[in-house]
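Shown next: entry05.cif, given as mmCIF, N, CA and C atoms.
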```cif
data_my_file
loop_
_atom_site.group_PDB
_atom_site.id
_atom_site.type_symbol
_atom_site.label_atom_id
_atom_site.label_comp_id
_atom_site.auth_asym_id
_atom_site.auth_seq_id
_atom_site.Cartn_x
_atom_site.Cartn_y
_atom_site.Cartn_z
ATOM 1 N N MET A 1 23.324 92.040 154.564
ATOM 2 C CA MET A 1 23.241 90.876 155.416
ATOM 3 C C MET A 1 24.622 90.329 155.757
ATOM 4 N N ALA A 2 25.553 90.492 154.858
ATOM 5 C CA ALA A 2 26.872 89.895 155.049
ATOM 6 C C ALA A 2 27.575 90.413 156.298
ATOM 7 N N ARG A 3 27.227 91.626 156.724
ATOM 8 C CA ARG A 3 27.887 92.201 157.897
ATOM 9 C C ARG A 3 27.180 91.872 159.204
ATOM 10 N N GLN A 4 26.082 91.160 159.124
ATOM 11 C CA GLN A 4 25.323 90.825 160.327
ATOM 12 C C GLN A 4 25.865 89.552 160.976
ATOM 13 N N ASP A 5 25.612 89.439 162.245
ATOM 14 C CA ASP A 5 25.998 88.241 162.973
ATOM 15 C C ASP A 5 25.215 87.053 162.411
ATOM 16 N N PHE A 6 25.930 86.002 162.052
ATOM 17 C CA PHE A 6 25.302 84.840 161.410
ATOM 18 C C PHE A 6 24.202 84.245 162.281
ATOM 19 N N SER A 7 24.450 84.134 163.562
ATOM 20 C CA SER A 7 23.432 83.531 164.439
ATOM 21 C C SER A 7 22.162 84.388 164.472
ATOM 22 N N ASP A 8 22.295 85.716 164.364
ATOM 23 C CA ASP A 8 21.114 86.585 164.309
ATOM 24 C C ASP A 8 20.326 86.351 163.022
ATOM 25 N N LEU A 9 21.039 86.149 161.919
ATOM 26 C CA LEU A 9 20.368 85.884 160.646
ATOM 27 C C LEU A 9 19.600 84.569 160.690
ATOM 28 N N VAL A 10 20.191 83.570 161.336
ATOM 29 C CA VAL A 10 19.533 82.268 161.441
ATOM 30 C C VAL A 10 18.340 82.358 162.383
ATOM 31 N N THR A 11 18.557 82.925 163.552
ATOM 32 C CA THR A 11 17.506 83.013 164.569
ATOM 33 C C THR A 11 16.313 83.823 164.079
ATOM 34 N N SER A 12 16.571 84.884 163.335
ATOM 35 C CA SER A 12 15.490 85.745 162.845
ATOM 36 C C SER A 12 14.689 85.082 161.737
ATOM 37 N N GLY A 13 15.243 84.064 161.123
ATOM 38 C CA GLY A 13 14.578 83.404 160.002
ATOM 39 C C GLY A 13 14.875 84.064 158.672
ATOM 40 N N LEU A 14 15.612 85.174 158.689
ATOM 41 C CA LEU A 14 15.890 85.913 157.466
ATOM 42 C C LEU A 14 16.755 85.103 156.494
ATOM 43 N N LEU A 15 17.757 84.424 157.002
ATOM 44 C CA LEU A 15 18.607 83.619 156.127
ATOM 45 C C LEU A 15 17.774 82.569 155.397
ATOM 46 N N SER A 16 16.878 81.937 156.106
ATOM 47 C CA SER A 16 16.013 80.922 155.499
ATOM 48 C C SER A 16 15.101 81.537 154.443
ATOM 49 N N GLN A 17 14.567 82.724 154.710
ATOM 50 C CA GLN A 17 13.697 83.394 153.731
ATOM 51 C C GLN A 17 14.459 83.683 152.439
ATOM 52 N N VAL A 18 15.655 84.234 152.570
ATOM 53 C CA VAL A 18 16.447 84.574 151.390
ATOM 54 C C VAL A 18 16.857 83.297 150.659
ATOM 55 N N GLU A 19 17.223 82.281 151.406
ATOM 56 C CA GLU A 19 17.579 80.992 150.804
ATOM 57 C C GLU A 19 16.420 80.456 149.965
ATOM 58 N N GLN A 20 15.216 80.498 150.488
ATOM 59 C CA GLN A 20 14.046 80.005 149.762
ATOM 60 C C GLN A 20 13.792 80.803 148.484
ATOM 61 N N ILE A 21 14.023 82.106 148.534
ATOM 62 C CA ILE A 21 13.842 82.950 147.350
ATOM 63 C C ILE A 21 14.838 82.569 146.262
ATOM 64 N N VAL A 22 16.099 82.409 146.624
ATOM 65 C CA VAL A 22 17.131 82.077 145.637
ATOM 66 C C VAL A 22 16.909 80.673 145.080
ATOM 67 N N VAL A 23 16.586 79.723 145.932
ATOM 68 C CA VAL A 23 16.340 78.346 145.470
ATOM 69 C C VAL A 23 15.123 78.318 144.538
ATOM 70 N N ALA A 24 14.085 79.083 144.849
ATOM 71 C CA ALA A 24 12.908 79.140 143.976
ATOM 72 C C ALA A 24 13.273 79.743 142.621
ATOM 73 N N GLY A 25 14.142 80.732 142.614
ATOM 74 C CA GLY A 25 14.612 81.314 141.358
ATOM 75 C C GLY A 25 15.381 80.302 140.526
ATOM 76 N N HIS A 26 16.212 79.517 141.176
ATOM 77 C CA HIS A 26 16.970 78.473 140.486
ATOM 78 C C HIS A 26 16.007 77.459 139.866
ATOM 79 N N ARG A 27 15.002 77.099 140.627
ATOM 80 C CA ARG A 27 13.995 76.147 140.136
ATOM 81 C C ARG A 27 13.265 76.721 138.917
ATOM 82 N N ALA A 28 12.850 77.979 139.012
ATOM 83 C CA ALA A 28 12.125 78.618 137.910
ATOM 84 C C ALA A 28 12.959 78.649 136.637
ATOM 85 N N LEU A 29 14.243 78.921 136.770
ATOM 86 C CA LEU A 29 15.127 78.949 135.607
ATOM 87 C C LEU A 29 15.175 77.580 134.937
ATOM 88 N N HIS A 30 15.374 76.541 135.724
ATOM 89 C CA HIS A 30 15.448 75.194 135.152
ATOM 90 C C HIS A 30 14.123 74.771 134.526
ATOM 91 N N GLU A 31 13.036 75.049 135.227
ATOM 92 C CA GLU A 31 11.729 74.651 134.701
ATOM 93 C C GLU A 31 11.369 75.422 133.431
ATOM 94 N N SER A 32 11.808 76.680 133.335
ATOM 95 C CA SER A 32 11.513 77.471 132.140
ATOM 96 C C SER A 32 12.222 76.910 130.912
ATOM 97 N N LYS A 33 13.287 76.171 131.141
ATOM 98 C CA LYS A 33 14.036 75.545 130.049
ATOM 99 C C LYS A 33 13.626 74.090 129.836
ATOM 100 N N GLY A 34 12.634 73.640 130.605
ATOM 101 C CA GLY A 34 12.170 72.267 130.469
ATOM 102 C C GLY A 34 13.121 71.240 131.064
ATOM 103 N N LEU A 35 13.967 71.680 131.974
ATOM 104 C CA LEU A 35 14.945 70.783 132.592
ATOM 105 C C LEU A 35 14.418 70.240 133.907
ATOM 106 N N GLU A 36 14.856 69.042 134.226
ATOM 107 C CA GLU A 36 14.513 68.485 135.529
ATOM 108 C C GLU A 36 15.200 69.303 136.605
ATOM 109 N N TRP A 37 14.609 69.312 137.778
ATOM 110 C CA TRP A 37 15.162 70.084 138.883
ATOM 111 C C TRP A 37 14.922 69.353 140.194
ATOM 112 N N ALA A 38 15.856 69.494 141.105
ATOM 113 C CA ALA A 38 15.728 68.984 142.473
ATOM 114 C C ALA A 38 16.440 69.985 143.385
ATOM 115 N N PRO A 39 15.964 70.145 144.626
ATOM 116 C CA PRO A 39 16.606 71.104 145.537
ATOM 117 C C PRO A 39 18.115 70.911 145.663
ATOM 118 N N ALA A 40 18.567 69.670 145.664
ATOM 119 C CA ALA A 40 20.004 69.425 145.808
ATOM 120 C C ALA A 40 20.803 70.083 144.690
ATOM 121 N N MET A 41 20.211 70.195 143.518
ATOM 122 C CA MET A 41 20.901 70.850 142.402
ATOM 123 C C MET A 41 21.177 72.316 142.731
ATOM 124 N N ALA A 42 20.211 72.982 143.330
ATOM 125 C CA ALA A 42 20.382 74.393 143.681
ATOM 126 C C ALA A 42 21.483 74.561 144.720
ATOM 127 N N TYR A 43 21.491 73.692 145.709
ATOM 128 C CA TYR A 43 22.494 73.810 146.768
ATOM 129 C C TYR A 43 23.902 73.498 146.263
ATOM 130 N N ARG A 44 24.005 72.551 145.348
ATOM 131 C CA ARG A 44 25.322 72.282 144.747
ATOM 132 C C ARG A 44 25.761 73.481 143.913
ATOM 133 N N TRP A 45 24.827 74.037 143.132
ATOM 134 C CA TRP A 45 25.137 75.190 142.296
ATOM 135 C C TRP A 45 25.574 76.379 143.147
ATOM 136 N N LEU A 46 24.939 76.551 144.282
ATOM 137 C CA LEU A 46 25.293 77.652 145.186
ATOM 138 C C LEU A 46 26.605 77.406 145.927
ATOM 139 N N ARG A 47 27.083 76.150 145.885
ATOM 140 C CA ARG A 47 28.243 75.758 146.700
ATOM 141 C C ARG A 47 27.933 76.089 148.164
ATOM 142 N N TYR A 48 26.753 75.666 148.603
ATOM 143 C CA TYR A 48 26.232 76.060 149.913
ATOM 144 C C TYR A 48 27.005 75.464 151.084
ATOM 145 N N GLU A 49 27.888 74.523 150.816
ATOM 146 C CA GLU A 49 28.708 73.990 151.899
ATOM 147 C C GLU A 49 29.840 74.955 152.259
ATOM 148 N N ASP A 50 30.016 75.975 151.447
ATOM 149 C CA ASP A 50 31.022 77.010 151.678
ATOM 150 C C ASP A 50 30.763 77.669 153.032
ATOM 151 N N PRO A 51 31.805 78.101 153.734
ATOM 152 C CA PRO A 51 31.604 78.698 155.060
ATOM 153 C C PRO A 51 30.941 80.081 155.035
ATOM 154 N N ASP A 52 30.619 80.605 153.843
ATOM 155 C CA ASP A 52 29.979 81.920 153.741
ATOM 156 C C ASP A 52 28.642 81.798 153.012
ATOM 157 N N PRO A 53 27.616 81.232 153.671
ATOM 158 C CA PRO A 53 26.340 81.042 152.973
ATOM 159 C C PRO A 53 25.683 82.349 152.538
ATOM 160 N N VAL A 54 25.885 83.415 153.278
ATOM 161 C CA VAL A 54 25.304 84.701 152.883
ATOM 162 C C VAL A 54 25.934 85.153 151.568
ATOM 163 N N GLY A 55 27.228 85.022 151.470
ATOM 164 C CA GLY A 55 27.924 85.376 150.229
ATOM 165 C C GLY A 55 27.494 84.513 149.063
ATOM 166 N N ARG A 56 27.285 83.232 149.310
ATOM 167 C CA ARG A 56 26.836 82.327 148.246
ATOM 168 C C ARG A 56 25.447 82.707 147.768
ATOM 169 N N LEU A 57 24.549 83.071 148.699
ATOM 170 C CA LEU A 57 23.202 83.479 148.308
ATOM 171 C C LEU A 57 23.237 84.771 147.490
ATOM 172 N N ALA A 58 24.052 85.715 147.909
ATOM 173 C CA ALA A 58 24.163 86.986 147.173
ATOM 174 C C ALA A 58 24.701 86.738 145.768
ATOM 175 N N GLU A 59 25.734 85.923 145.667
ATOM 176 C CA GLU A 59 26.311 85.603 144.356
ATOM 177 C C GLU A 59 25.297 84.861 143.484
ATOM 178 N N GLY A 60 24.591 83.919 144.077
ATOM 179 C CA GLY A 60 23.590 83.162 143.336
ATOM 180 C C GLY A 60 22.466 84.042 142.825
ATOM 181 N N ALA A 61 22.009 84.967 143.663
ATOM 182 C CA ALA A 61 20.940 85.879 143.245
ATOM 183 C C ALA A 61 21.399 86.745 142.075
ATOM 184 N N LYS A 62 22.631 87.232 142.119
ATOM 185 C CA LYS A 62 23.160 88.050 141.021
ATOM 186 C C LYS A 62 23.215 87.244 139.727
ATOM 187 N N LYS A 63 23.709 86.017 139.808
ATOM 188 C CA LYS A 63 23.804 85.164 138.614
ATOM 189 C C LYS A 63 22.425 84.891 138.030
ATOM 190 N N LEU A 64 21.461 84.615 138.892
ATOM 191 C CA LEU A 64 20.113 84.335 138.406
ATOM 192 C C LEU A 64 19.486 85.571 137.775
ATOM 193 N N ARG A 65 19.687 86.743 138.366
ATOM 194 C CA ARG A 65 19.152 87.986 137.776
ATOM 195 C C ARG A 65 19.748 88.224 136.395
ATOM 196 N N ARG A 66 21.050 87.976 136.255
ATOM 197 C CA ARG A 66 21.690 88.144 134.942
ATOM 198 C C ARG A 66 21.095 87.200 133.901
ATOM 199 N N ARG A 67 20.563 86.083 134.347
ATOM 200 C CA ARG A 67 19.949 85.118 133.428
ATOM 201 C C ARG A 67 18.456 85.378 133.243
ATOM 202 N N GLY A 68 17.970 86.485 133.792
ATOM 203 C CA GLY A 68 16.597 86.885 133.563
ATOM 204 C C GLY A 68 15.582 86.354 134.556
ATOM 205 N N VAL A 69 16.037 85.746 135.640
ATOM 206 C CA VAL A 69 15.093 85.227 136.632
ATOM 207 C C VAL A 69 14.465 86.381 137.388
ATOM 208 N N GLU A 70 13.144 86.329 137.511
ATOM 209 C CA GLU A 70 12.425 87.309 138.322
ATOM 210 C C GLU A 70 12.011 86.624 139.608
ATOM 211 N N PHE A 71 12.442 87.166 140.718
ATOM 212 C CA PHE A 71 12.138 86.589 142.016
ATOM 213 C C PHE A 71 10.727 86.969 142.442
ATOM 214 N N ASP A 72 10.140 86.159 143.290
ATOM 215 C CA ASP A 72 8.803 86.410 143.832
ATOM 216 C C ASP A 72 8.837 87.733 144.589
ATOM 217 N N ALA A 73 8.178 88.743 144.031
ATOM 218 C CA ALA A 73 8.214 90.091 144.610
ATOM 219 C C ALA A 73 7.666 90.112 146.031
ATOM 220 N N GLY A 74 6.619 89.350 146.284
ATOM 221 C CA GLY A 74 6.041 89.305 147.627
ATOM 222 C C GLY A 74 7.018 88.733 148.641
ATOM 223 N N ALA A 75 7.715 87.681 148.234
ATOM 224 C CA ALA A 75 8.692 87.062 149.136
ATOM 225 C C ALA A 75 9.867 87.995 149.394
ATOM 226 N N VAL A 76 10.305 88.691 148.357
ATOM 227 C CA VAL A 76 11.409 89.643 148.513
ATOM 228 C C VAL A 76 10.982 90.795 149.422
ATOM 229 N N ASP A 77 9.777 91.326 149.200
ATOM 230 C CA ASP A 77 9.279 92.415 150.051
ATOM 231 C C ASP A 77 9.194 91.976 151.509
ATOM 232 N N LYS A 78 8.720 90.764 151.723
ATOM 233 C CA LYS A 78 8.594 90.247 153.085
ATOM 234 C C LYS A 78 9.966 90.121 153.743
ATOM 235 N N ALA A 79 10.944 89.591 153.008
ATOM 236 C CA ALA A 79 12.293 89.447 153.558
ATOM 237 C C ALA A 79 12.914 90.814 153.841
ATOM 238 N N CYS A 80 12.706 91.764 152.939
ATOM 239 C CA CYS A 80 13.254 93.107 153.148
ATOM 240 C C CYS A 80 12.604 93.778 154.362
ATOM 241 N N ALA A 81 11.291 93.625 154.493
ATOM 242 C CA ALA A 81 10.597 94.204 155.647
ATOM 243 C C ALA A 81 11.121 93.595 156.946
ATOM 244 N N GLU A 82 11.351 92.295 156.943
ATOM 245 C CA GLU A 82 11.890 91.619 158.129
ATOM 246 C C GLU A 82 13.300 92.123 158.436
ATOM 247 N N ALA A 83 14.098 92.314 157.387
ATOM 248 C CA ALA A 83 15.462 92.824 157.576
ATOM 249 C C ALA A 83 15.448 94.218 158.168
ATOM 250 N N VAL A 84 14.543 95.063 157.697
ATOM 251 C CA VAL A 84 14.434 96.419 158.247
ATOM 252 C C VAL A 84 13.977 96.348 159.707
ATOM 253 N N ARG A 85 12.971 95.518 159.962
ATOM 254 C CA ARG A 85 12.436 95.393 161.317
ATOM 255 C C ARG A 85 13.509 94.931 162.297
ATOM 256 N N LYS A 86 14.386 94.041 161.848
ATOM 257 C CA LYS A 86 15.448 93.512 162.713
ATOM 258 C C LYS A 86 16.674 94.417 162.746
ATOM 259 N N GLY A 87 16.650 95.500 161.950
ATOM 260 C CA GLY A 87 17.788 96.419 161.935
ATOM 261 C C GLY A 87 18.928 95.975 161.042
ATOM 262 N N PHE A 88 18.656 95.022 160.140
ATOM 263 C CA PHE A 88 19.694 94.537 159.232
ATOM 264 C C PHE A 88 19.832 95.409 157.991
ATOM 265 N N LEU A 89 18.791 96.188 157.665
ATOM 266 C CA LEU A 89 18.801 97.099 156.523
ATOM 267 C C LEU A 89 18.264 98.447 156.979
ATOM 268 N N ASN A 90 18.716 99.497 156.327
ATOM 269 C CA ASN A 90 18.128 100.807 156.567
ATOM 270 C C ASN A 90 16.817 100.889 155.806
ATOM 271 N N SER A 91 15.835 101.536 156.357
ATOM 272 C CA SER A 91 14.534 101.651 155.691
ATOM 273 C C SER A 91 14.505 102.786 154.680
ATOM 274 N N GLU A 92 15.584 103.536 154.554
ATOM 275 C CA GLU A 92 15.605 104.691 153.639
ATOM 276 C C GLU A 92 16.165 104.302 152.304
#
```

This structure in C-alpha cells:
Amino acid sequence: MARQDFSDLVTSGLLSQVEQIVVAGHRALHESKGLEWAPAMAYRWLRYEDPDPVGRLAEGAKKLRRRGVEFDAGAVDKACAEAVRKGFLNSE
C-alpha cells in the first residue's frame, strides 16, 4: 500500500478499512488487559498525525502482532480482496 497513490487509497476506501482493522486490534489488546480504551488512544499511539499514515498503520499492525493481537480475519480478507481488485496487491 505504501507505494500507491494516497488519494487512490482514500477514494477506494482501503485506507479506512485497514485503519479500522488496526484500531480494532489496539482496542482488543487494551480490553484483554482490562484497561480502559478510547479511539483517540489508538490514534495517538499510531502517531496518526504523521504525514505517512500508511507507514504508521503498517508499523502499528506489526507492533500489535508482536504483542499477540489477532486481527479480524474476515476484515483482513475483505481488505486484501479489495486491494487485489483495485490493483494494489498481486493476487499470487

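Compared by their closest atoms to A:Val76, and using only N, CA and C atoms, the residues A:Gln4, A:Gly13, A:Ala38, A:Ile21 rank with A:Ile21 nearest.
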
For this structure, which residues satisfy the selection - the PyMOL selection byres ((chain A and resi 25) around 7) - when it is evaluated on the file as given? I want them as a PyMOL selection string.
chain A and resi 20-24+26-30+64+69-72

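In this model, the gap between atom C of A:Glu82 and atom N of A:Leu14 comes to 7.3 Å.
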
Might you pull out every residue within 7 Å of A:Gly60, with all atoms listed in the file counted and same-chain residues fewer than 5 positions away left off, and present them as number ranges by chain?
A: 22, 46, 55, 65

Could you list, as a ChimeraX atom specification, every residue within 9 Å of A:Ala58, counting only C-alpha atoms and ignoring same-chain residues fewer than 5 positions away?
/A:2,22,53,63

Pairwise distance for atom C of A:Gln17 and atom N of A:Glu59, rounded to one decimal in Å
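Calculated distance between atom C of A:Gln17 and atom N of A:Glu59 is 13.3 Å.
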
Just want the 10 Å neighbourhood of A:Val18, counted on only C-alpha atoms, with same-chain residues fewer than 6 positions away dropped. Output as a list in words.
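Returned residues: Ala24, Val54, Leu57, Ala58, Ala61, Ala75, Val76, Lys78, Ala79 and Cys80 of chain A.
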
Mind giving me the straight-line distance from atom N of A:Gly68 to atom CA of A:Ala42 in Å, one decimal?
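One can read the atom N of A:Gly68 to atom CA of A:Ala42 distance as 15.8 Å.
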
When DSSP is applied to the backbone of this structure, which of chain A are assigned helix (DSSP H, G or I)? Write them out as a CSV table (one decimal) with N, CA and C atoms, in the frame of the given file.
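Now in part-v6.csv:
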```csv
chain,number,residue,atom,x,y,z
A,6,PHE,N,25.9,86.0,162.1
A,6,PHE,CA,25.3,84.8,161.4
A,6,PHE,C,24.2,84.2,162.3
A,7,SER,N,24.4,84.1,163.6
A,7,SER,CA,23.4,83.5,164.4
A,7,SER,C,22.2,84.4,164.5
A,8,ASP,N,22.3,85.7,164.4
A,8,ASP,CA,21.1,86.6,164.3
A,8,ASP,C,20.3,86.4,163.0
A,9,LEU,N,21.0,86.1,161.9
A,9,LEU,CA,20.4,85.9,160.6
A,9,LEU,C,19.6,84.6,160.7
A,10,VAL,N,20.2,83.6,161.3
A,10,VAL,CA,19.5,82.3,161.4
A,10,VAL,C,18.3,82.4,162.4
A,11,THR,N,18.6,82.9,163.6
A,11,THR,CA,17.5,83.0,164.6
A,11,THR,C,16.3,83.8,164.1
A,12,SER,N,16.6,84.9,163.3
A,12,SER,CA,15.5,85.7,162.8
A,12,SER,C,14.7,85.1,161.7
A,14,LEU,N,15.6,85.2,158.7
A,14,LEU,CA,15.9,85.9,157.5
A,14,LEU,C,16.8,85.1,156.5
A,15,LEU,N,17.8,84.4,157.0
A,15,LEU,CA,18.6,83.6,156.1
A,15,LEU,C,17.8,82.6,155.4
A,16,SER,N,16.9,81.9,156.1
A,16,SER,CA,16.0,80.9,155.5
A,16,SER,C,15.1,81.5,154.4
A,17,GLN,N,14.6,82.7,154.7
A,17,GLN,CA,13.7,83.4,153.7
A,17,GLN,C,14.5,83.7,152.4
A,18,VAL,N,15.7,84.2,152.6
A,18,VAL,CA,16.4,84.6,151.4
A,18,VAL,C,16.9,83.3,150.7
A,19,GLU,N,17.2,82.3,151.4
A,19,GLU,CA,17.6,81.0,150.8
A,19,GLU,C,16.4,80.5,150.0
A,20,GLN,N,15.2,80.5,150.5
A,20,GLN,CA,14.0,80.0,149.8
A,20,GLN,C,13.8,80.8,148.5
A,21,ILE,N,14.0,82.1,148.5
A,21,ILE,CA,13.8,83.0,147.4
A,21,ILE,C,14.8,82.6,146.3
A,22,VAL,N,16.1,82.4,146.6
A,22,VAL,CA,17.1,82.1,145.6
A,22,VAL,C,16.9,80.7,145.1
A,23,VAL,N,16.6,79.7,145.9
A,23,VAL,CA,16.3,78.3,145.5
A,23,VAL,C,15.1,78.3,144.5
A,24,ALA,N,14.1,79.1,144.8
A,24,ALA,CA,12.9,79.1,144.0
A,24,ALA,C,13.3,79.7,142.6
A,25,GLY,N,14.1,80.7,142.6
A,25,GLY,CA,14.6,81.3,141.4
A,25,GLY,C,15.4,80.3,140.5
A,26,HIS,N,16.2,79.5,141.2
A,26,HIS,CA,17.0,78.5,140.5
A,26,HIS,C,16.0,77.5,139.9
A,27,ARG,N,15.0,77.1,140.6
A,27,ARG,CA,14.0,76.1,140.1
A,27,ARG,C,13.3,76.7,138.9
A,28,ALA,N,12.8,78.0,139.0
A,28,ALA,CA,12.1,78.6,137.9
A,28,ALA,C,13.0,78.6,136.6
A,29,LEU,N,14.2,78.9,136.8
A,29,LEU,CA,15.1,78.9,135.6
A,29,LEU,C,15.2,77.6,134.9
A,30,HIS,N,15.4,76.5,135.7
A,30,HIS,CA,15.4,75.2,135.2
A,30,HIS,C,14.1,74.8,134.5
A,31,GLU,N,13.0,75.0,135.2
A,31,GLU,CA,11.7,74.7,134.7
A,31,GLU,C,11.4,75.4,133.4
A,32,SER,N,11.8,76.7,133.3
A,32,SER,CA,11.5,77.5,132.1
A,32,SER,C,12.2,76.9,130.9
A,39,PRO,N,16.0,70.1,144.6
A,39,PRO,CA,16.6,71.1,145.5
A,39,PRO,C,18.1,70.9,145.7
A,40,ALA,N,18.6,69.7,145.7
A,40,ALA,CA,20.0,69.4,145.8
A,40,ALA,C,20.8,70.1,144.7
A,41,MET,N,20.2,70.2,143.5
A,41,MET,CA,20.9,70.8,142.4
A,41,MET,C,21.2,72.3,142.7
A,42,ALA,N,20.2,73.0,143.3
A,42,ALA,CA,20.4,74.4,143.7
A,42,ALA,C,21.5,74.6,144.7
A,43,TYR,N,21.5,73.7,145.7
A,43,TYR,CA,22.5,73.8,146.8
A,43,TYR,C,23.9,73.5,146.3
A,44,ARG,N,24.0,72.6,145.3
A,44,ARG,CA,25.3,72.3,144.7
A,44,ARG,C,25.8,73.5,143.9
A,45,TRP,N,24.8,74.0,143.1
A,45,TRP,CA,25.1,75.2,142.3
A,45,TRP,C,25.6,76.4,143.1
A,46,LEU,N,24.9,76.6,144.3
A,46,LEU,CA,25.3,77.7,145.2
A,46,LEU,C,26.6,77.4,145.9
A,53,PRO,N,27.6,81.2,153.7
A,53,PRO,CA,26.3,81.0,153.0
A,53,PRO,C,25.7,82.3,152.5
A,54,VAL,N,25.9,83.4,153.3
A,54,VAL,CA,25.3,84.7,152.9
A,54,VAL,C,25.9,85.2,151.6
A,55,GLY,N,27.2,85.0,151.5
A,55,GLY,CA,27.9,85.4,150.2
A,55,GLY,C,27.5,84.5,149.1
A,56,ARG,N,27.3,83.2,149.3
A,56,ARG,CA,26.8,82.3,148.2
A,56,ARG,C,25.4,82.7,147.8
A,57,LEU,N,24.5,83.1,148.7
A,57,LEU,CA,23.2,83.5,148.3
A,57,LEU,C,23.2,84.8,147.5
A,58,ALA,N,24.1,85.7,147.9
A,58,ALA,CA,24.2,87.0,147.2
A,58,ALA,C,24.7,86.7,145.8
A,59,GLU,N,25.7,85.9,145.7
A,59,GLU,CA,26.3,85.6,144.4
A,59,GLU,C,25.3,84.9,143.5
A,60,GLY,N,24.6,83.9,144.1
A,60,GLY,CA,23.6,83.2,143.3
A,60,GLY,C,22.5,84.0,142.8
A,61,ALA,N,22.0,85.0,143.7
A,61,ALA,CA,20.9,85.9,143.2
A,61,ALA,C,21.4,86.7,142.1
A,62,LYS,N,22.6,87.2,142.1
A,62,LYS,CA,23.2,88.0,141.0
A,62,LYS,C,23.2,87.2,139.7
A,63,LYS,N,23.7,86.0,139.8
A,63,LYS,CA,23.8,85.2,138.6
A,63,LYS,C,22.4,84.9,138.0
A,64,LEU,N,21.5,84.6,138.9
A,64,LEU,CA,20.1,84.3,138.4
A,64,LEU,C,19.5,85.6,137.8
A,65,ARG,N,19.7,86.7,138.4
A,65,ARG,CA,19.2,88.0,137.8
A,65,ARG,C,19.7,88.2,136.4
A,66,ARG,N,21.0,88.0,136.3
A,66,ARG,CA,21.7,88.1,134.9
A,66,ARG,C,21.1,87.2,133.9
A,73,ALA,N,8.2,88.7,144.0
A,73,ALA,CA,8.2,90.1,144.6
A,73,ALA,C,7.7,90.1,146.0
A,74,GLY,N,6.6,89.4,146.3
A,74,GLY,CA,6.0,89.3,147.6
A,74,GLY,C,7.0,88.7,148.6
A,75,ALA,N,7.7,87.7,148.2
A,75,ALA,CA,8.7,87.1,149.1
A,75,ALA,C,9.9,88.0,149.4
A,76,VAL,N,10.3,88.7,148.4
A,76,VAL,CA,11.4,89.6,148.5
A,76,VAL,C,11.0,90.8,149.4
A,77,ASP,N,9.8,91.3,149.2
A,77,ASP,CA,9.3,92.4,150.1
A,77,ASP,C,9.2,92.0,151.5
A,78,LYS,N,8.7,90.8,151.7
A,78,LYS,CA,8.6,90.2,153.1
A,78,LYS,C,10.0,90.1,153.7
A,79,ALA,N,10.9,89.6,153.0
A,79,ALA,CA,12.3,89.4,153.6
A,79,ALA,C,12.9,90.8,153.8
A,80,CYS,N,12.7,91.8,152.9
A,80,CYS,CA,13.3,93.1,153.1
A,80,CYS,C,12.6,93.8,154.4
A,81,ALA,N,11.3,93.6,154.5
A,81,ALA,CA,10.6,94.2,155.6
A,81,ALA,C,11.1,93.6,156.9
A,82,GLU,N,11.4,92.3,156.9
A,82,GLU,CA,11.9,91.6,158.1
A,82,GLU,C,13.3,92.1,158.4
A,83,ALA,N,14.1,92.3,157.4
A,83,ALA,CA,15.5,92.8,157.6
A,83,ALA,C,15.4,94.2,158.2
A,84,VAL,N,14.5,95.1,157.7
A,84,VAL,CA,14.4,96.4,158.2
A,84,VAL,C,14.0,96.3,159.7
A,85,ARG,N,13.0,95.5,160.0
A,85,ARG,CA,12.4,95.4,161.3
A,85,ARG,C,13.5,94.9,162.3
```

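With only C-alpha atoms as the atoms that count, the residue of A:Asp50, A:Arg56, A:Ser12, A:Phe6 with the shortest distance to A:Arg85 is A:Ser12.
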